[in-house]
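So this one's entry-v1.cif, mmCIF, C-alpha atoms:
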data_run
#
loop_
_atom_site.group_PDB
_atom_site.id
_atom_site.type_symbol
_atom_site.label_atom_id
_atom_site.label_comp_id
_atom_site.auth_asym_id
_atom_site.auth_seq_id
_atom_site.Cartn_x
_atom_site.Cartn_y
_atom_site.Cartn_z
ATOM 1 C CA MET A 1 8.686 -5.896 15.541
ATOM 2 C CA PRO A 2 11.109 -5.966 12.603
ATOM 3 C CA GLU A 3 13.615 -3.134 12.302
ATOM 4 C CA THR A 4 13.688 -0.747 9.349
ATOM 5 C CA LEU A 5 15.743 2.345 8.523
ATOM 6 C CA ARG A 6 13.063 4.378 10.304
ATOM 7 C CA GLY A 7 12.834 2.068 13.301
ATOM 8 C CA PRO A 8 10.571 -0.849 14.253
ATOM 9 C CA VAL A 9 7.472 -1.428 12.111
ATOM 10 C CA ALA A 10 4.463 -3.447 13.222
ATOM 11 C CA ASP A 11 3.427 -4.578 9.747
ATOM 12 C CA LEU A 12 5.819 -4.705 6.786
ATOM 13 C CA GLY A 13 3.031 -5.383 4.291
ATOM 14 C CA ALA A 14 3.930 -6.641 0.820
ATOM 15 C CA THR A 15 7.697 -7.208 0.816
ATOM 16 C CA LEU A 16 10.355 -7.828 -1.799
ATOM 17 C CA MET A 17 12.940 -9.906 0.024
ATOM 18 C CA HIS A 18 16.080 -9.381 -2.061
ATOM 19 C CA GLU A 19 16.822 -5.881 -3.360
ATOM 20 C CA HIS A 20 19.534 -3.228 -3.080
ATOM 21 C CA VAL A 21 19.277 0.534 -2.726
ATOM 22 C CA PHE A 22 22.890 1.485 -3.487
ATOM 23 C CA GLY A 23 25.814 -0.602 -4.667
ATOM 24 C CA LEU A 24 28.964 1.474 -4.280
ATOM 25 C CA SER A 25 32.710 1.192 -4.883
ATOM 26 C CA PRO A 26 34.127 3.357 -2.084
ATOM 27 C CA GLU A 27 37.761 3.380 -3.171
ATOM 28 C CA ILE A 28 36.813 4.345 -6.728
ATOM 29 C CA LEU A 29 34.515 7.109 -5.503
ATOM 30 C CA TRP A 30 37.100 8.415 -3.024
ATOM 31 C CA ASN A 31 39.856 8.606 -5.594
ATOM 32 C CA TRP A 32 38.071 9.453 -8.850
ATOM 33 C CA PRO A 33 34.989 11.402 -7.760
ATOM 34 C CA ASP A 34 34.534 12.997 -11.194
ATOM 35 C CA ILE A 35 33.679 9.751 -13.031
ATOM 36 C CA PRO A 36 30.371 9.934 -14.984
ATOM 37 C CA GLU A 37 28.593 7.605 -12.578
ATOM 38 C CA GLY A 38 29.841 9.732 -9.690
ATOM 39 C CA TRP A 39 28.365 9.987 -6.269
ATOM 40 C CA ASP A 40 26.251 12.797 -4.880
ATOM 41 C CA PRO A 41 24.329 11.371 -1.908
ATOM 42 C CA GLU A 42 21.436 13.824 -2.012
ATOM 43 C CA THR A 43 20.866 13.508 -5.755
ATOM 44 C CA ARG A 44 21.071 9.727 -5.663
ATOM 45 C CA ALA A 45 18.787 9.640 -2.617
ATOM 46 C CA ARG A 46 16.104 11.610 -4.460
ATOM 47 C CA GLU A 47 16.414 9.312 -7.472
ATOM 48 C CA ALA A 48 16.162 6.211 -5.315
ATOM 49 C CA ALA A 49 13.199 7.553 -3.349
ATOM 50 C CA ALA A 50 11.347 8.263 -6.597
ATOM 51 C CA LYS A 51 11.878 4.654 -7.686
ATOM 52 C CA LEU A 52 10.639 3.381 -4.341
ATOM 53 C CA ASP A 53 7.619 5.690 -4.448
ATOM 54 C CA ALA A 54 6.739 4.202 -7.845
ATOM 55 C CA LEU A 55 7.046 0.759 -6.270
ATOM 56 C CA LYS A 56 4.702 1.810 -3.463
ATOM 57 C CA ALA A 57 2.149 2.873 -6.069
ATOM 58 C CA GLU A 58 2.281 -0.704 -7.400
ATOM 59 C CA GLY A 59 1.379 -2.127 -3.986
ATOM 60 C CA ILE A 60 4.762 -2.957 -2.437
ATOM 61 C CA ASP A 61 5.355 -1.627 1.075
ATOM 62 C CA THR A 62 8.823 -2.900 2.029
ATOM 63 C CA VAL A 63 12.145 -3.848 0.461
ATOM 64 C CA VAL A 64 14.877 -5.833 2.175
ATOM 65 C CA ASP A 65 18.173 -4.177 1.235
ATOM 66 C CA LEU A 66 20.717 -7.000 1.190
ATOM 67 C CA THR A 67 23.698 -4.741 0.551
ATOM 68 C CA VAL A 68 26.423 -5.778 2.989
ATOM 69 C CA LEU A 69 30.204 -5.448 3.226
ATOM 70 C CA GLY A 70 31.654 -6.300 -0.157
ATOM 71 C CA LEU A 71 28.773 -4.642 -1.998
ATOM 72 C CA GLY A 72 29.390 -1.059 -0.865
ATOM 73 C CA ARG A 73 26.917 -0.687 1.980
ATOM 74 C CA HIS A 74 26.643 2.920 3.205
ATOM 75 C CA ILE A 75 23.775 3.229 5.655
ATOM 76 C CA PRO A 76 23.924 7.048 6.031
ATOM 77 C CA SER A 77 23.088 7.350 2.328
ATOM 78 C CA VAL A 78 20.316 4.764 2.525
ATOM 79 C CA ARG A 79 18.889 6.598 5.524
ATOM 80 C CA LEU A 80 18.563 9.718 3.332
ATOM 81 C CA VAL A 81 16.396 7.629 1.011
ATOM 82 C CA ALA A 82 14.290 6.332 3.897
ATOM 83 C CA GLU A 83 13.541 9.904 4.912
ATOM 84 C CA LEU A 84 12.177 10.668 1.440
ATOM 85 C CA THR A 85 9.918 7.642 0.843
ATOM 86 C CA THR A 86 7.146 5.820 2.655
ATOM 87 C CA VAL A 87 8.520 2.447 1.579
ATOM 88 C CA ASN A 88 10.071 0.551 4.486
ATOM 89 C CA ILE A 89 13.731 -0.378 3.990
ATOM 90 C CA VAL A 90 15.142 -3.277 5.997
ATOM 91 C CA ALA A 91 18.936 -3.312 6.385
ATOM 92 C CA ALA A 92 21.172 -6.382 6.457
ATOM 93 C CA THR A 93 24.569 -7.328 7.818
ATOM 94 C CA GLY A 94 27.077 -9.896 6.673
ATOM 95 C CA LEU A 95 29.862 -10.093 4.139
ATOM 96 C CA TYR A 96 29.715 -10.801 0.407
ATOM 97 C CA THR A 97 32.532 -12.791 -1.164
ATOM 98 C CA TYR A 98 32.797 -15.799 -3.437
ATOM 99 C CA ASP A 99 36.289 -16.654 -2.232
ATOM 100 C CA ALA A 100 38.806 -14.722 -0.115
ATOM 101 C CA LEU A 101 37.981 -12.353 2.723
ATOM 102 C CA PRO A 102 38.923 -8.662 2.616
ATOM 103 C CA PRO A 103 42.437 -8.173 4.086
ATOM 104 C CA TYR A 104 41.085 -6.646 7.303
ATOM 105 C CA PHE A 105 39.537 -10.022 8.129
ATOM 106 C CA ALA A 106 41.857 -12.278 6.120
ATOM 107 C CA ASN A 107 44.829 -11.102 8.213
ATOM 108 C CA ARG A 108 43.013 -11.708 11.477
ATOM 109 C CA GLY A 109 41.334 -14.752 12.893
ATOM 110 C CA PRO A 110 41.819 -18.512 12.751
ATOM 111 C CA GLY A 111 44.203 -19.721 10.067
ATOM 112 C CA SER A 112 45.342 -16.208 9.167
ATOM 113 C CA LEU A 113 48.860 -14.817 9.024
ATOM 114 C CA PHE A 114 48.528 -13.074 12.390
ATOM 115 C CA GLY A 115 45.897 -15.258 14.072
ATOM 116 C CA GLY A 116 43.758 -13.993 16.902
ATOM 117 C CA PRO A 117 39.969 -14.004 17.314
ATOM 118 C CA ASP A 118 37.599 -13.907 14.352
ATOM 119 C CA ARG A 119 35.858 -10.527 14.530
ATOM 120 C CA LEU A 120 33.253 -11.215 11.834
ATOM 121 C CA ALA A 121 30.559 -12.448 14.189
ATOM 122 C CA GLU A 122 31.338 -9.637 16.626
ATOM 123 C CA PHE A 123 30.722 -7.029 13.911
ATOM 124 C CA PHE A 124 27.564 -8.745 12.672
ATOM 125 C CA VAL A 125 26.089 -8.919 16.179
ATOM 126 C CA ARG A 126 26.921 -5.252 16.744
ATOM 127 C CA ASP A 127 25.032 -4.315 13.547
ATOM 128 C CA LEU A 128 22.006 -6.292 14.711
ATOM 129 C CA THR A 129 21.897 -5.209 18.351
ATOM 130 C CA GLU A 130 23.516 -1.767 18.596
ATOM 131 C CA GLY A 131 23.352 -0.324 15.101
ATOM 132 C CA ILE A 132 25.475 0.029 11.978
ATOM 133 C CA GLY A 133 28.381 2.436 12.368
ATOM 134 C CA ARG A 134 27.217 5.506 14.250
ATOM 135 C CA THR A 135 23.783 5.624 12.606
ATOM 136 C CA GLY A 136 21.790 3.772 15.242
ATOM 137 C CA VAL A 137 20.146 1.837 12.371
ATOM 138 C CA ARG A 138 19.932 -1.827 13.287
ATOM 139 C CA ALA A 139 20.150 -4.585 10.717
ATOM 140 C CA ALA A 140 17.378 -7.186 10.702
ATOM 141 C CA MET A 141 18.843 -9.894 8.471
ATOM 142 C CA LEU A 142 22.139 -11.721 7.980
ATOM 143 C CA LYS A 143 23.640 -12.448 4.569
ATOM 144 C CA CYS A 144 26.364 -14.808 3.353
ATOM 145 C CA ALA A 145 27.392 -15.999 -0.090
ATOM 146 C CA SER A 146 29.033 -18.766 -2.050
ATOM 147 C CA ASP A 147 29.060 -19.167 -5.808
ATOM 148 C CA HIS A 148 30.622 -21.265 -8.573
ATOM 149 C CA LEU A 149 33.802 -21.795 -6.540
ATOM 150 C CA GLY A 150 31.823 -23.581 -3.850
ATOM 151 C CA MET A 151 32.367 -23.257 -0.129
ATOM 152 C CA THR A 152 35.872 -21.775 -0.101
ATOM 153 C CA LYS A 153 37.723 -21.221 3.180
ATOM 154 C CA GLY A 154 36.807 -17.556 3.093
ATOM 155 C CA CYS A 155 33.138 -18.268 2.420
ATOM 156 C CA GLU A 156 33.036 -20.863 5.173
ATOM 157 C CA ARG A 157 34.377 -18.360 7.679
ATOM 158 C CA VAL A 158 31.562 -15.989 6.767
ATOM 159 C CA PHE A 159 28.938 -18.738 7.027
ATOM 160 C CA ARG A 160 30.270 -19.764 10.426
ATOM 161 C CA ALA A 161 30.240 -16.164 11.652
ATOM 162 C CA VAL A 162 26.713 -15.647 10.301
ATOM 163 C CA ALA A 163 25.550 -18.804 12.079
ATOM 164 C CA GLU A 164 27.158 -17.601 15.318
ATOM 165 C CA ALA A 165 25.478 -14.194 15.018
ATOM 166 C CA HIS A 166 22.147 -15.858 14.222
ATOM 167 C CA LEU A 167 22.345 -18.101 17.261
ATOM 168 C CA GLU A 168 23.130 -15.102 19.470
ATOM 169 C CA THR A 169 20.456 -12.783 18.079
ATOM 170 C CA GLY A 170 17.831 -14.907 16.343
ATOM 171 C CA ALA A 171 18.133 -12.842 13.155
ATOM 172 C CA PRO A 172 17.162 -14.706 9.964
ATOM 173 C CA ILE A 173 19.707 -15.581 7.294
ATOM 174 C CA THR A 174 19.634 -15.204 3.540
ATOM 175 C CA THR A 175 22.242 -16.501 1.142
ATOM 176 C CA HIS A 176 23.554 -15.845 -2.318
ATOM 177 C CA SER A 177 23.705 -19.287 -3.917
ATOM 178 C CA HIS A 178 24.867 -20.739 -7.234
ATOM 179 C CA SER A 179 21.934 -22.760 -8.519
ATOM 180 C CA ALA A 180 23.745 -24.242 -11.528
ATOM 181 C CA SER A 181 25.985 -26.257 -9.176
ATOM 182 C CA LYS A 182 23.168 -26.863 -6.661
ATOM 183 C CA GLY A 183 25.152 -24.796 -4.183
ATOM 184 C CA GLY A 184 22.184 -24.172 -1.934
ATOM 185 C CA LEU A 185 22.414 -27.731 -0.624
ATOM 186 C CA GLU A 186 25.976 -27.217 0.593
ATOM 187 C CA GLN A 187 24.945 -23.965 2.243
ATOM 188 C CA GLN A 188 21.949 -25.542 3.905
ATOM 189 C CA ARG A 189 23.942 -28.509 5.212
ATOM 190 C CA LEU A 190 26.675 -26.295 6.665
ATOM 191 C CA LEU A 191 24.268 -23.938 8.403
ATOM 192 C CA VAL A 192 22.252 -26.804 9.868
ATOM 193 C CA SER A 193 25.462 -28.471 11.086
ATOM 194 C CA LEU A 194 26.256 -25.230 12.933
ATOM 195 C CA GLY A 195 22.948 -25.334 14.802
ATOM 196 C CA VAL A 196 20.847 -23.061 12.568
ATOM 197 C CA ASP A 197 17.162 -23.928 12.177
ATOM 198 C CA PRO A 198 16.727 -24.270 8.375
ATOM 199 C CA GLU A 199 13.351 -22.545 8.644
ATOM 200 C CA ARG A 200 15.263 -19.373 9.516
ATOM 201 C CA VAL A 201 17.169 -19.510 6.215
ATOM 202 C CA VAL A 202 16.325 -18.202 2.750
ATOM 203 C CA ILE A 203 18.377 -19.852 -0.007
ATOM 204 C CA GLY A 204 18.798 -16.863 -2.284
ATOM 205 C CA HIS A 205 18.706 -17.072 -6.086
ATOM 206 C CA ALA A 206 17.084 -20.505 -6.002
ATOM 207 C CA GLY A 207 14.842 -19.134 -8.743
ATOM 208 C CA ASP A 208 17.780 -19.267 -11.164
ATOM 209 C CA SER A 209 17.165 -23.023 -11.358
ATOM 210 C CA ALA A 210 14.564 -24.989 -13.292
ATOM 211 C CA ASP A 211 15.605 -28.220 -11.574
ATOM 212 C CA LEU A 212 12.504 -28.987 -9.548
ATOM 213 C CA ALA A 213 14.128 -31.975 -7.863
ATOM 214 C CA TYR A 214 16.898 -29.701 -6.552
ATOM 215 C CA LEU A 215 14.435 -27.073 -5.399
ATOM 216 C CA GLU A 216 12.212 -29.598 -3.645
ATOM 217 C CA GLU A 217 15.270 -31.078 -1.925
ATOM 218 C CA LEU A 218 15.989 -27.623 -0.500
ATOM 219 C CA LEU A 219 12.347 -27.314 0.526
ATOM 220 C CA ALA A 220 12.432 -30.734 2.167
ATOM 221 C CA GLY A 221 15.447 -29.475 4.110
ATOM 222 C CA GLY A 222 13.193 -26.816 5.617
ATOM 223 C CA SER A 223 14.413 -23.551 4.079
ATOM 224 C CA TYR A 224 12.673 -20.830 2.147
ATOM 225 C CA LEU A 225 13.563 -20.311 -1.511
ATOM 226 C CA GLY A 226 14.416 -16.906 -2.942
ATOM 227 C CA MET A 227 12.710 -16.539 -6.317
ATOM 228 C CA ASP A 228 14.491 -13.263 -6.433
ATOM 229 C CA ARG A 229 16.176 -12.444 -9.723
ATOM 230 C CA PHE A 230 13.215 -11.590 -11.893
ATOM 231 C CA GLY A 231 14.465 -9.447 -14.750
ATOM 232 C CA ILE A 232 17.929 -11.029 -15.029
ATOM 233 C CA ASP A 233 16.990 -12.997 -18.113
ATOM 234 C CA THR A 234 20.544 -13.915 -19.115
ATOM 235 C CA ILE A 235 20.701 -16.279 -16.133
ATOM 236 C CA ALA A 236 17.150 -17.585 -16.452
ATOM 237 C CA PRO A 237 14.509 -16.212 -18.841
ATOM 238 C CA PHE A 238 11.160 -14.806 -17.756
ATOM 239 C CA GLU A 239 9.262 -17.828 -19.062
ATOM 240 C CA GLN A 240 11.358 -20.231 -16.993
ATOM 241 C CA ARG A 241 11.194 -18.166 -13.822
ATOM 242 C CA VAL A 242 7.411 -17.796 -13.819
ATOM 243 C CA ALA A 243 6.895 -21.431 -14.836
ATOM 244 C CA VAL A 244 8.982 -22.636 -11.886
ATOM 245 C CA VAL A 245 7.155 -20.451 -9.375
ATOM 246 C CA ALA A 246 3.768 -21.494 -10.772
ATOM 247 C CA GLU A 247 4.692 -25.178 -10.606
ATOM 248 C CA LEU A 248 6.025 -24.923 -7.065
ATOM 249 C CA CYS A 249 2.807 -23.179 -6.035
ATOM 250 C CA ALA A 250 0.777 -25.927 -7.733
ATOM 251 C CA ARG A 251 2.741 -28.465 -5.696
ATOM 252 C CA GLY A 252 1.814 -26.685 -2.468
ATOM 253 C CA HIS A 253 5.038 -24.783 -1.767
ATOM 254 C CA ALA A 254 3.810 -21.179 -1.821
ATOM 255 C CA ASP A 255 4.394 -21.047 1.937
ATOM 256 C CA ARG A 256 8.145 -21.375 1.339
ATOM 257 C CA LEU A 257 8.738 -18.933 -1.528
ATOM 258 C CA VAL A 258 9.724 -15.254 -1.434
ATOM 259 C CA LEU A 259 10.042 -12.856 -4.351
ATOM 260 C CA GLY A 260 12.477 -10.174 -5.503
ATOM 261 C CA HIS A 261 14.572 -8.797 -8.358
ATOM 262 C CA ASP A 262 18.066 -8.394 -6.835
ATOM 263 C CA SER A 263 17.906 -4.932 -8.419
ATOM 264 C CA TYR A 264 19.601 -1.652 -7.486
ATOM 265 C CA CYS A 265 18.293 1.894 -7.391
ATOM 266 C CA PHE A 266 21.889 2.925 -8.172
ATOM 267 C CA ASN A 267 24.910 0.709 -8.779
ATOM 268 C CA ASP A 268 28.226 2.159 -9.887
ATOM 269 C CA ARG A 269 29.729 -1.238 -10.729
ATOM 270 C CA PHE A 270 27.796 -1.623 -13.971
ATOM 271 C CA ASP A 271 27.188 0.710 -16.892
ATOM 272 C CA ALA A 272 23.547 1.711 -16.440
ATOM 273 C CA GLU A 273 22.867 2.039 -20.165
ATOM 274 C CA VAL A 274 24.305 -1.393 -20.925
ATOM 275 C CA VAL A 275 22.194 -2.902 -18.135
ATOM 276 C CA ARG A 276 19.028 -1.246 -19.484
ATOM 277 C CA ARG A 277 19.747 -2.510 -22.976
ATOM 278 C CA ARG A 278 20.557 -6.085 -22.003
ATOM 279 C CA HIS A 279 18.081 -6.419 -19.133
ATOM 280 C CA PRO A 280 15.114 -4.130 -19.915
ATOM 281 C CA ASP A 281 12.982 -5.737 -17.195
ATOM 282 C CA TYR A 282 15.628 -5.535 -14.492
ATOM 283 C CA HIS A 283 13.919 -2.943 -12.286
ATOM 284 C CA LEU A 284 11.785 -2.726 -9.172
ATOM 285 C CA LEU A 285 8.431 -2.661 -10.974
ATOM 286 C CA HIS A 286 8.843 -5.871 -12.984
ATOM 287 C CA ILE A 287 7.253 -8.211 -10.447
ATOM 288 C CA SER A 288 4.222 -6.012 -9.852
ATOM 289 C CA ARG A 289 3.602 -5.175 -13.499
ATOM 290 C CA ASP A 290 4.659 -8.334 -15.323
ATOM 291 C CA VAL A 291 5.353 -11.291 -13.042
ATOM 292 C CA LEU A 292 2.259 -11.276 -10.851
ATOM 293 C CA PRO A 293 -0.201 -10.980 -13.787
ATOM 294 C CA GLU A 294 1.564 -13.875 -15.540
ATOM 295 C CA LEU A 295 1.503 -15.996 -12.385
ATOM 296 C CA ARG A 296 -2.244 -15.407 -12.078
ATOM 297 C CA LYS A 297 -2.721 -16.505 -15.708
ATOM 298 C CA ARG A 298 -0.925 -19.738 -14.796
ATOM 299 C CA GLY A 299 -3.258 -20.512 -11.907
ATOM 300 C CA VAL A 300 -1.412 -18.988 -8.955
ATOM 301 C CA THR A 301 -4.095 -17.683 -6.618
ATOM 302 C CA ASP A 302 -4.267 -14.329 -4.904
ATOM 303 C CA ASP A 303 -3.927 -16.142 -1.581
ATOM 304 C CA GLN A 304 -0.685 -17.734 -2.760
ATOM 305 C CA ILE A 305 0.645 -14.385 -3.997
ATOM 306 C CA HIS A 306 -0.262 -12.834 -0.646
ATOM 307 C CA GLN A 307 1.577 -15.679 1.069
ATOM 308 C CA MET A 308 4.757 -15.074 -0.957
ATOM 309 C CA LEU A 309 4.692 -11.286 -0.616
ATOM 310 C CA VAL A 310 3.219 -10.793 2.860
ATOM 311 C CA GLY A 311 2.885 -13.959 4.918
ATOM 312 C CA ASN A 312 6.300 -15.486 4.333
ATOM 313 C CA PRO A 313 8.313 -12.259 4.810
ATOM 314 C CA ARG A 314 6.320 -11.620 7.983
ATOM 315 C CA ARG A 315 7.307 -15.025 9.363
ATOM 316 C CA ILE A 316 10.940 -14.653 8.337
ATOM 317 C CA LEU A 317 11.377 -11.135 9.737
ATOM 318 C CA ARG A 318 9.339 -11.634 12.887
#

Produce structure tokens that represent the structure in this file.
Amino acid sequence: MPETLRGPVADLGATLMHEHVFGLSPEILWNWPDIPEGWDPETRAREAAAKLDALKAEGIDTVVDLTVLGLGRHIPSVRLVAELTTVNIVAATGLYTYDALPPYFANRGPGSLFGGPDRLAEFFVRDLTEGIGRTGVRAAMLKCASDHLGMTKGCERVFRAVAEAHLETGAPITTHSHSASKGGLEQQRLLVSLGVDPERVVIGHAGDSADLAYLEELLAGGSYLGMDRFGIDTIAPFEQRVAVVAELCARGHADRLVLGHDSYCFNDRFDAEVVRRRHPDYHLLHISRDVLPELRKRGVTDDQIHQMLVGNPRRILR
């Protein structure tokens, strides 16, 4: 059974596969705690739980929280949220960087100033098998990233560590990819070369692309596609995102698509008012209220929607 913040769950139900509960900047919060977007765990937990409860009312049962190192993961705070909502929250492990590693890892391991073993995989496996920190909460998914810079040395170290942890534990992998440069192909090739079954990989943010040839090449490679940034219209507008999903479903690929927003209940790295003004649909309810009705208008069947929201996440997180 897949792990959640409240322990193993037999049935995750309808699942958004790429979301975030909290995105935090620890050093900012430690040193300037009085900033306007300051941090009170209990207050923010209540706010987040209310947002998740509203999501539950729209028919979504589970969110996969892909906040890992580099994005301000703090599982004790997320666990407060889990205690206040009936929505399942699945935790992830991994490291988020587009380029260099944080100094703790950059100064250790192969090719570093001081050398020694690479501890990334060790930490990832610990999160998956023993629990994150002292919380006892076990992660259920691995995450790695590359972006417009391509597969830098730092990114490659993370991908290699994620592959090692996957092979040891069987945990599925999701990526952050840069669709404009077709970066998912490089990710897929590297992971497969390291022994990862591509069917255990979600190429995240594939939905940023309208290049159907690129997307079908990823599908032919065996991976799932994350259509998971609904509401971020500055990267790809609503019309494009729904048209791509509808076309892929028409071509018989609903069994390889998962949905999400890549949204946050609270994120101190962006001005919340600016985000609301520029991205009014960037919130957890957008898929349920706007995307799914539009997909149905375009011929996507209820069975296909069930496959994307229930069947595919169930297979990935088995």

Quiz prompt | Nearest to Asp11 (chain A), chosen from A:Phe159, A:His176, A:Asp40, A:Asn88, with only C-alpha atoms counted in the distances | solution =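 Under the stated criterion, the closest residue is A:Asn88.
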
Practice problem: Pick out the residues sitting within 9 Å of Asp197 (chain A), and hand them over as a ChimeraX atom specification; count only C-alpha atoms, and ignore anything fewer than 5 positions along from it in its own chain. | Solution: /A:191-192,222-223

Self-check item: Residue among A:Phe105, A:Tyr214, A:Tyr98, A:Phe114 lying closest to Ala161 (chain A), counting only C-alpha atoms
Solution: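 Result for the nearest residue to Ala161 (chain A): A:Phe105.
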
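Residue nearest Ile89 (chain A), chosen from A:Leu69, A:Ile232, A:Leu16, A:Ala106 and counting only C-alpha atoms: A:Leu16.
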
Quiz item: What is the CA of Val245 (chain A) to CA of Pro198 (chain A) distance in Å?
Solution: 20.5 Å

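Among A:Glu122, A:Glu216, A:Asp281, A:Glu83, the residue with the shortest atom-to-atom distance to Thr234 (chain A), counting all atoms listed in the file, is A:Asp281.
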